[in-house]
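Next up, coords-v3.txt (compact mmCIF, C-alpha atoms):
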```
# COMPACT_ATOMS: atom_id res chain seq x y z
CA MET A 615 -71.87 79.23 -15.58
CA THR A 616 -71.70 79.59 -19.34
CA THR A 617 -69.45 76.87 -20.76
CA ALA A 618 -69.95 77.35 -24.50
CA SER A 619 -71.38 79.97 -26.81
CA ARG A 620 -74.74 79.31 -28.45
CA ALA A 621 -75.30 80.63 -31.94
CA ASP A 622 -79.07 80.77 -31.56
CA ARG A 623 -79.34 82.61 -28.24
CA LEU A 624 -77.76 85.45 -26.30
CA ARG A 625 -78.74 85.51 -22.64
CA VAL A 626 -78.82 89.01 -21.17
CA MET A 627 -78.94 89.92 -17.49
CA THR A 628 -79.08 93.21 -15.59
CA TYR A 629 -78.26 93.35 -11.89
CA ASN A 630 -77.70 96.14 -9.37
CA VAL A 631 -75.25 94.43 -7.02
CA LYS A 632 -74.97 97.16 -4.35
CA GLY A 633 -71.16 97.22 -4.53
CA LEU A 634 -71.12 93.50 -3.59
CA GLN A 635 -71.49 94.73 -0.02
CA LEU A 636 -74.47 92.68 1.17
CA SER A 637 -73.64 89.06 0.27
CA ARG A 638 -71.09 88.57 -2.48
CA PRO A 639 -71.35 84.73 -2.40
CA ASP A 640 -75.10 84.96 -3.02
CA VAL A 641 -74.65 87.38 -5.92
CA VAL A 642 -72.13 84.97 -7.42
CA GLU A 643 -74.59 82.10 -6.99
CA VAL A 644 -77.42 84.06 -8.65
CA VAL A 645 -75.28 84.97 -11.65
CA ARG A 646 -73.80 81.52 -12.09
CA ALA A 647 -77.28 79.97 -11.95
CA ALA A 648 -78.56 82.37 -14.62
CA ALA A 649 -75.48 81.81 -16.83
CA PRO A 650 -75.73 85.06 -18.81
CA ASP A 651 -73.72 85.81 -21.95
CA VAL A 652 -73.93 89.55 -21.26
CA LEU A 653 -74.26 90.97 -17.75
CA GLY A 654 -74.87 94.66 -17.14
CA LEU A 655 -73.94 95.65 -13.58
CA GLN A 656 -75.11 98.67 -11.68
CA GLU A 657 -73.30 99.78 -8.53
CA PRO A 658 -70.23 97.61 -9.12
CA PRO A 659 -67.49 97.98 -6.51
CA ARG A 660 -65.90 101.42 -6.56
CA GLY A 661 -62.93 103.07 -4.88
CA PRO A 662 -59.20 102.53 -5.49
CA LEU A 663 -59.58 98.74 -5.88
CA GLY A 664 -63.09 98.72 -7.31
CA TRP A 665 -61.87 97.70 -10.76
CA PHE A 666 -59.98 94.74 -9.26
CA ARG A 667 -62.97 93.58 -7.21
CA THR A 668 -65.16 93.71 -10.31
CA TRP A 669 -62.52 91.84 -12.33
CA ARG A 670 -62.34 89.16 -9.63
CA PHE A 671 -66.13 88.91 -9.49
CA ALA A 672 -66.22 88.46 -13.28
CA ARG A 673 -63.65 85.69 -12.99
CA ASP A 674 -65.65 83.96 -10.25
CA VAL A 675 -68.82 83.88 -12.38
CA GLY A 676 -66.95 82.67 -15.47
CA MET A 677 -67.03 85.96 -17.39
CA ARG A 678 -64.70 88.82 -18.33
CA ALA A 679 -65.13 92.48 -17.46
CA VAL A 680 -64.97 94.39 -20.76
CA VAL A 681 -66.08 97.75 -19.29
CA ASN A 682 -64.90 98.25 -15.73
CA GLY A 683 -64.31 101.47 -13.83
CA ARG A 684 -63.15 104.90 -14.96
CA GLY A 685 -65.86 106.74 -16.89
CA ALA A 686 -68.40 103.94 -16.44
CA ARG A 687 -68.57 104.83 -12.75
CA THR A 688 -71.80 103.19 -11.48
CA THR A 689 -71.99 100.68 -14.34
CA ALA A 690 -69.93 97.79 -15.68
CA LEU A 691 -70.36 95.24 -18.44
CA LEU A 692 -69.33 91.59 -18.28
CA VAL A 693 -69.29 89.13 -21.18
CA ALA A 694 -69.09 85.33 -21.22
CA ARG A 695 -66.04 83.66 -22.67
CA GLY A 696 -66.53 82.69 -26.31
CA ARG A 697 -68.59 85.75 -27.20
CA SER A 698 -67.11 88.28 -29.63
CA VAL A 699 -66.56 91.83 -28.36
CA THR A 700 -65.71 94.23 -31.18
CA SER A 701 -65.90 97.54 -29.30
CA HIS A 702 -66.27 98.78 -25.75
CA SER A 703 -66.16 102.11 -23.96
CA ALA A 704 -66.86 103.80 -20.64
CA VAL A 705 -68.80 107.03 -20.98
CA ARG A 706 -68.76 109.62 -18.19
CA LEU A 707 -72.00 111.56 -17.67
CA PRO A 708 -72.06 115.13 -16.31
CA ASN A 709 -72.80 115.44 -12.60
CA LEU A 710 -75.78 117.79 -12.66
CA SER A 711 -77.10 117.18 -9.15
CA GLY A 712 -73.90 117.35 -7.11
CA ARG A 713 -74.61 113.84 -5.89
CA THR A 714 -73.42 110.51 -7.32
CA GLY A 715 -71.18 110.65 -10.39
CA ARG A 716 -72.64 108.39 -13.07
CA GLY A 717 -71.56 106.81 -16.32
CA VAL A 718 -72.58 104.40 -19.05
CA ALA A 719 -70.96 101.13 -20.11
CA VAL A 720 -71.19 100.44 -23.86
CA ALA A 721 -70.02 97.39 -25.82
CA THR A 722 -70.80 95.56 -29.04
CA VAL A 723 -71.15 91.82 -28.40
CA ASP A 724 -71.82 89.41 -31.28
CA GLY A 725 -72.88 92.36 -33.40
CA ILE A 726 -75.37 93.77 -30.87
CA ARG A 727 -74.78 97.07 -29.08
CA PHE A 728 -75.35 96.94 -25.31
CA VAL A 729 -75.78 100.09 -23.25
CA VAL A 730 -75.77 99.74 -19.45
CA VAL A 731 -77.32 102.59 -17.47
CA HIS A 732 -77.83 103.45 -13.82
CA LEU A 733 -80.02 106.52 -13.94
CA SER A 734 -80.22 109.19 -11.28
CA LEU A 735 -82.61 109.38 -8.35
CA VAL A 736 -83.04 113.06 -9.26
CA ARG A 737 -85.72 113.44 -11.93
CA ASP A 738 -84.17 116.34 -13.90
CA GLU A 739 -80.73 114.71 -13.94
CA ARG A 740 -82.29 111.38 -14.93
CA ALA A 741 -84.03 113.04 -17.87
CA ALA A 742 -80.89 114.87 -19.00
CA HIS A 743 -78.74 111.74 -18.83
CA LEU A 744 -81.31 109.65 -20.67
CA SER A 745 -81.56 112.25 -23.44
CA ASP A 746 -77.77 112.17 -23.83
CA VAL A 747 -77.73 108.37 -23.92
CA LEU A 748 -80.51 108.12 -26.50
CA VAL A 749 -78.96 110.72 -28.80
CA HIS A 750 -75.35 109.60 -28.66
CA HIS A 751 -75.27 105.91 -27.72
CA VAL A 752 -78.47 104.20 -28.89
CA PRO A 753 -78.64 103.44 -32.63
CA THR A 754 -81.96 102.44 -34.14
CA MET A 755 -81.05 98.81 -34.84
CA ARG A 756 -79.49 95.84 -32.98
CA THR A 757 -79.38 97.60 -29.64
CA VAL A 758 -80.17 96.64 -26.05
CA VAL A 759 -80.43 99.11 -23.16
CA LEU A 760 -80.36 97.55 -19.71
CA GLY A 761 -80.07 98.77 -16.18
CA ASP A 762 -81.52 100.41 -13.11
CA LEU A 763 -83.87 103.19 -14.24
CA ASN A 764 -84.71 104.37 -10.71
CA GLU A 765 -88.27 104.94 -11.91
CA PRO A 766 -91.33 102.66 -12.21
CA PRO A 767 -93.20 102.11 -15.50
CA GLY A 768 -95.40 104.96 -16.61
CA GLY A 769 -92.85 107.64 -15.79
CA PRO A 770 -91.14 109.88 -18.37
CA THR A 771 -88.02 107.70 -18.51
CA TRP A 772 -90.01 104.62 -19.53
CA THR A 773 -92.04 106.67 -21.99
CA SER A 774 -88.91 107.99 -23.68
CA LEU A 775 -87.30 104.57 -23.85
CA THR A 776 -90.35 102.70 -25.10
CA THR A 777 -90.85 105.26 -27.86
CA VAL A 778 -87.79 103.78 -29.60
CA LEU A 779 -87.24 100.44 -27.84
CA VAL A 780 -89.30 97.43 -26.75
CA ASP A 781 -89.64 96.53 -23.07
CA VAL A 782 -88.88 92.79 -22.89
CA ASP A 783 -90.96 92.32 -19.72
CA PRO A 784 -93.92 94.74 -19.81
CA LEU A 785 -96.01 92.69 -17.36
CA GLY A 786 -93.04 91.46 -15.37
CA ASP A 787 -92.42 91.04 -11.67
CA PRO A 788 -91.05 93.88 -9.52
CA THR A 789 -87.34 93.96 -8.80
CA PHE A 790 -86.99 96.27 -5.77
CA PRO A 791 -86.50 95.83 -2.88
CA ALA A 792 -85.09 92.34 -3.10
CA ILE A 793 -86.78 90.77 -0.07
CA GLU A 794 -90.36 91.80 -0.85
CA PRO A 795 -90.24 93.51 -4.25
CA ARG A 796 -92.83 96.20 -4.92
CA LEU A 797 -91.32 98.29 -7.73
CA ARG A 798 -90.21 97.40 -11.25
CA ILE A 799 -87.30 99.80 -11.71
CA ASP A 800 -84.81 97.48 -13.44
CA ALA A 801 -85.30 96.89 -17.14
CA ILE A 802 -84.04 95.40 -20.39
CA LEU A 803 -85.21 97.05 -23.60
CA ARG A 804 -84.36 95.96 -27.14
CA SER A 805 -84.60 97.57 -30.55
CA PRO A 806 -87.65 96.42 -32.58
CA ASP A 807 -85.50 94.42 -35.02
CA LEU A 808 -84.39 92.01 -32.26
CA ALA A 809 -86.49 89.16 -30.89
CA SER A 810 -86.62 87.99 -27.29
CA GLY A 811 -88.18 85.21 -25.27
CA ASN A 812 -89.87 85.37 -21.89
CA ALA A 813 -88.04 87.41 -19.28
CA ARG A 814 -87.77 86.37 -15.65
CA VAL A 815 -86.84 87.82 -12.27
CA PRO A 816 -84.87 85.20 -10.31
CA SER A 817 -86.29 84.31 -6.91
CA GLY A 818 -85.12 82.19 -3.99
CA PRO A 819 -82.91 82.97 -0.99
CA PRO A 820 -79.74 84.04 -2.87
CA ALA A 821 -81.70 86.60 -4.94
CA GLN A 822 -83.35 87.90 -1.77
CA VAL A 823 -80.17 88.58 0.19
CA GLY A 824 -77.38 89.06 -2.36
CA SER A 825 -78.29 92.67 -3.11
CA ASP A 826 -81.11 95.15 -2.50
CA HIS A 827 -82.33 94.59 -6.10
CA ARG A 828 -83.31 91.41 -7.90
CA PRO A 829 -81.91 90.89 -11.38
CA LEU A 830 -83.76 90.53 -14.67
CA VAL A 831 -82.84 87.91 -17.30
CA VAL A 832 -83.98 87.43 -20.90
CA ASP A 833 -82.83 85.46 -23.94
CA LEU A 834 -82.41 87.22 -27.27
CA ASP A 835 -83.35 84.93 -30.15
CA LEU A 836 -80.57 85.39 -32.71
CA LEU A 837 -82.21 83.22 -35.36
CA ARG A 838 -85.65 84.85 -35.33
CA SER A 839 -86.12 88.17 -37.08
CA VAL A 840 -88.88 90.65 -36.26
```
Would you put the structure from the file into structure tokens?
Amino acid sequence: MTTASRADRLRVMTYNVKGLQLSRPDVVEVVRAAAPDVLGLQEPPRGPLGWFRTWRFARDVGMRAVVNGRGARTTALLVARGRSVTSHSAVRLPNLSGRTGRGVAVATVDGIRFVVVHLSLVRDERAAHLSDVLVHHVPTMRTVVLGDLNEPPGGPTWTSLTTVLVDVDPLGDPTFPAIEPRLRIDAILRSPDLASGNARVPSGPPAQVGSDHRPLVVDLDLLRSV
């Protein structure tokens, strides 16, 4: 758990938690062990009490839910205590496939804009949503996009993102499925003006059973310019 803010580092984590339906205690353990400053969730709890379950999860991992529910739909954004949040919003995306309603969680934390996505399984809808996100929610500087892309590297989504952003883990480990990962479909991408250290995909029993995805964690270096 994060106990104090660090001026030199901002730890970022993305995690599809499958509604906390598989093993909530293990998801809590994974997050607390990673101690992120910013946590982008995909598939947070939904339904009438989904916002409360996400709020309680944030409390249990020592964070606060700054974007939770409503337009964010299949995304949420949690921030560690002690970090400065100057703006936050939940953005509803159009339902073009007639399937899952999706949204985007956006917040500015310590001067960096974070955009949490959970892109569609349907290719055309995924492309349309990504285009909307890039045009309206991704500035050219001090930006991080994180989330479940539902597409492996080499596809059009990755190509569009890496045209303007830097993949923090281009040779990284797969993240899905959690027990024996084969696909790298979860990602963190930063604007070229930000610097980052080595990314990692947590392993071990809690990461294998907490959700059907494994998370991805990386430290942004706030003192090193690119």
Excluding same-chain residues fewer than 5 positions from Gly786 in chain A, what lies within 10 Å of it counting all atoms listed in the file, as a PDB file with C-alpha atoms, keeping the file's coordinate frame?
```pdb
ATOM      1  CA  ASP A 781     -89.640  96.530 -23.070  1.00  0.00           C
ATOM      2  CA  ARG A 798     -90.210  97.400 -11.250  1.00  0.00           C
ATOM      3  CA  ALA A 801     -85.300  96.890 -17.140  1.00  0.00           C
ATOM      4  CA  ASN A 812     -89.870  85.370 -21.890  1.00  0.00           C
ATOM      5  CA  ALA A 813     -88.040  87.410 -19.280  1.00  0.00           C
ATOM      6  CA  ARG A 814     -87.770  86.370 -15.650  1.00  0.00           C
ATOM      7  CA  VAL A 815     -86.840  87.820 -12.270  1.00  0.00           C
ATOM      8  CA  LEU A 830     -83.760  90.530 -14.670  1.00  0.00           C
TER       9      LEU A 830
END
```
### Query
Nearest to Leu655 in chain A among A:Gly717, A:Pro795, A:Pro816, A:Gly712, with distances taken over only C-alpha atoms: which residue is it?
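Checking each candidate against Leu655 in chain A, we get A:Gly717 as the closest.
Straight-line separation from CA of Pro650 in chain A to CA of Ile802 in chain A: 13.4 Å.
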#### Entry: Spatial neighbours of Pro662 in chain A, max dist 12 Å, all atoms listed in the file, sep filter under 5 positions, as a ChimeraX atom specification
/A:667-668,683-684
### Query
Could you name the residues that touch Val626 in chain A at 7 Å or less, counting all atoms listed in the file, but leaving out those on the same chain fewer than 3 positions away, as a VMD selection string?
chain A and resid 650 to 653 831 to 833
With a distance cut-off of 6 Å and only C-alpha atoms, select the neighbouring residues of Met677 in chain A, excluding the residue or stretch itself and same-chain residues fewer than 5 positions from it, and output the selection as a PDB file with C-alpha atoms, keeping the file's coordinate frame.
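Generated file (selection21.pdb):
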```pdb
ATOM      1  CA  ALA A 672     -66.220  88.460 -13.280  1.00  0.00           C
ATOM      2  CA  VAL A 693     -69.290  89.130 -21.180  1.00  0.00           C
ATOM      3  CA  ALA A 694     -69.090  85.330 -21.220  1.00  0.00           C
ATOM      4  CA  ARG A 695     -66.040  83.660 -22.670  1.00  0.00           C
TER       5      ARG A 695
END
```
#### Entry: Near-Val680 in chain A list (7 Å; only C-alpha atoms; drop same-chain fewer than 3 positions) as JSON, numbers by chain
{"A": [691, 692, 693, 702]}
### Nearest to Ser805 in chain A, chosen from A:Gly654, A:Pro784, A:Pro753, A:Gly824, with all atoms listed in the file counted in the distances
A:Pro753
## Note on the structure
With distances taken over only C-alpha atoms, the candidate from A:Leu834, A:Ala679, A:Val720, A:Ala821 nearest Val631 in chain A is A:Ala821
### Task
May I ask for the distance between CA of Pro708 in chain A and CA of Leu797 in chain A, given in Å to one decimal place?
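That distance, rounded to one decimal, is 27.0 Å.
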### Query
Which value, in Å to one decimal, gives the distance between CA of Asp746 in chain A and CA of Arg727 in chain A?
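Pair CA of Asp746 in chain A / CA of Arg727 in chain A returns 16.3 Å.
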### Nearest to Ala721 in chain A by atom-to-atom distance, counting only C-alpha atoms, from A:Ser745, A:Arg620, A:Ser701, A:Val759
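Among the listed residues, A:Ser701 lies closest to Ala721 in chain A.
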### Query
What would the list of residues within 10 Å of (-76.0, 100.7, -11.6) (file frame) look like as a count of residues only, if all atoms listed in the file are what count?
31
### Task
Find, counting all atoms listed in the file, the residue in A:Arg678, A:Arg756, A:Arg697, A:Arg706 that gets nearest to Leu803 in chain A.
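Under the stated criterion, the closest residue is A:Arg756.
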### Which residue of A:Arg670, A:Arg804, A:Arg660, A:Arg796 approaches Val642 in chain A most closely, using only C-alpha atoms
A:Arg670
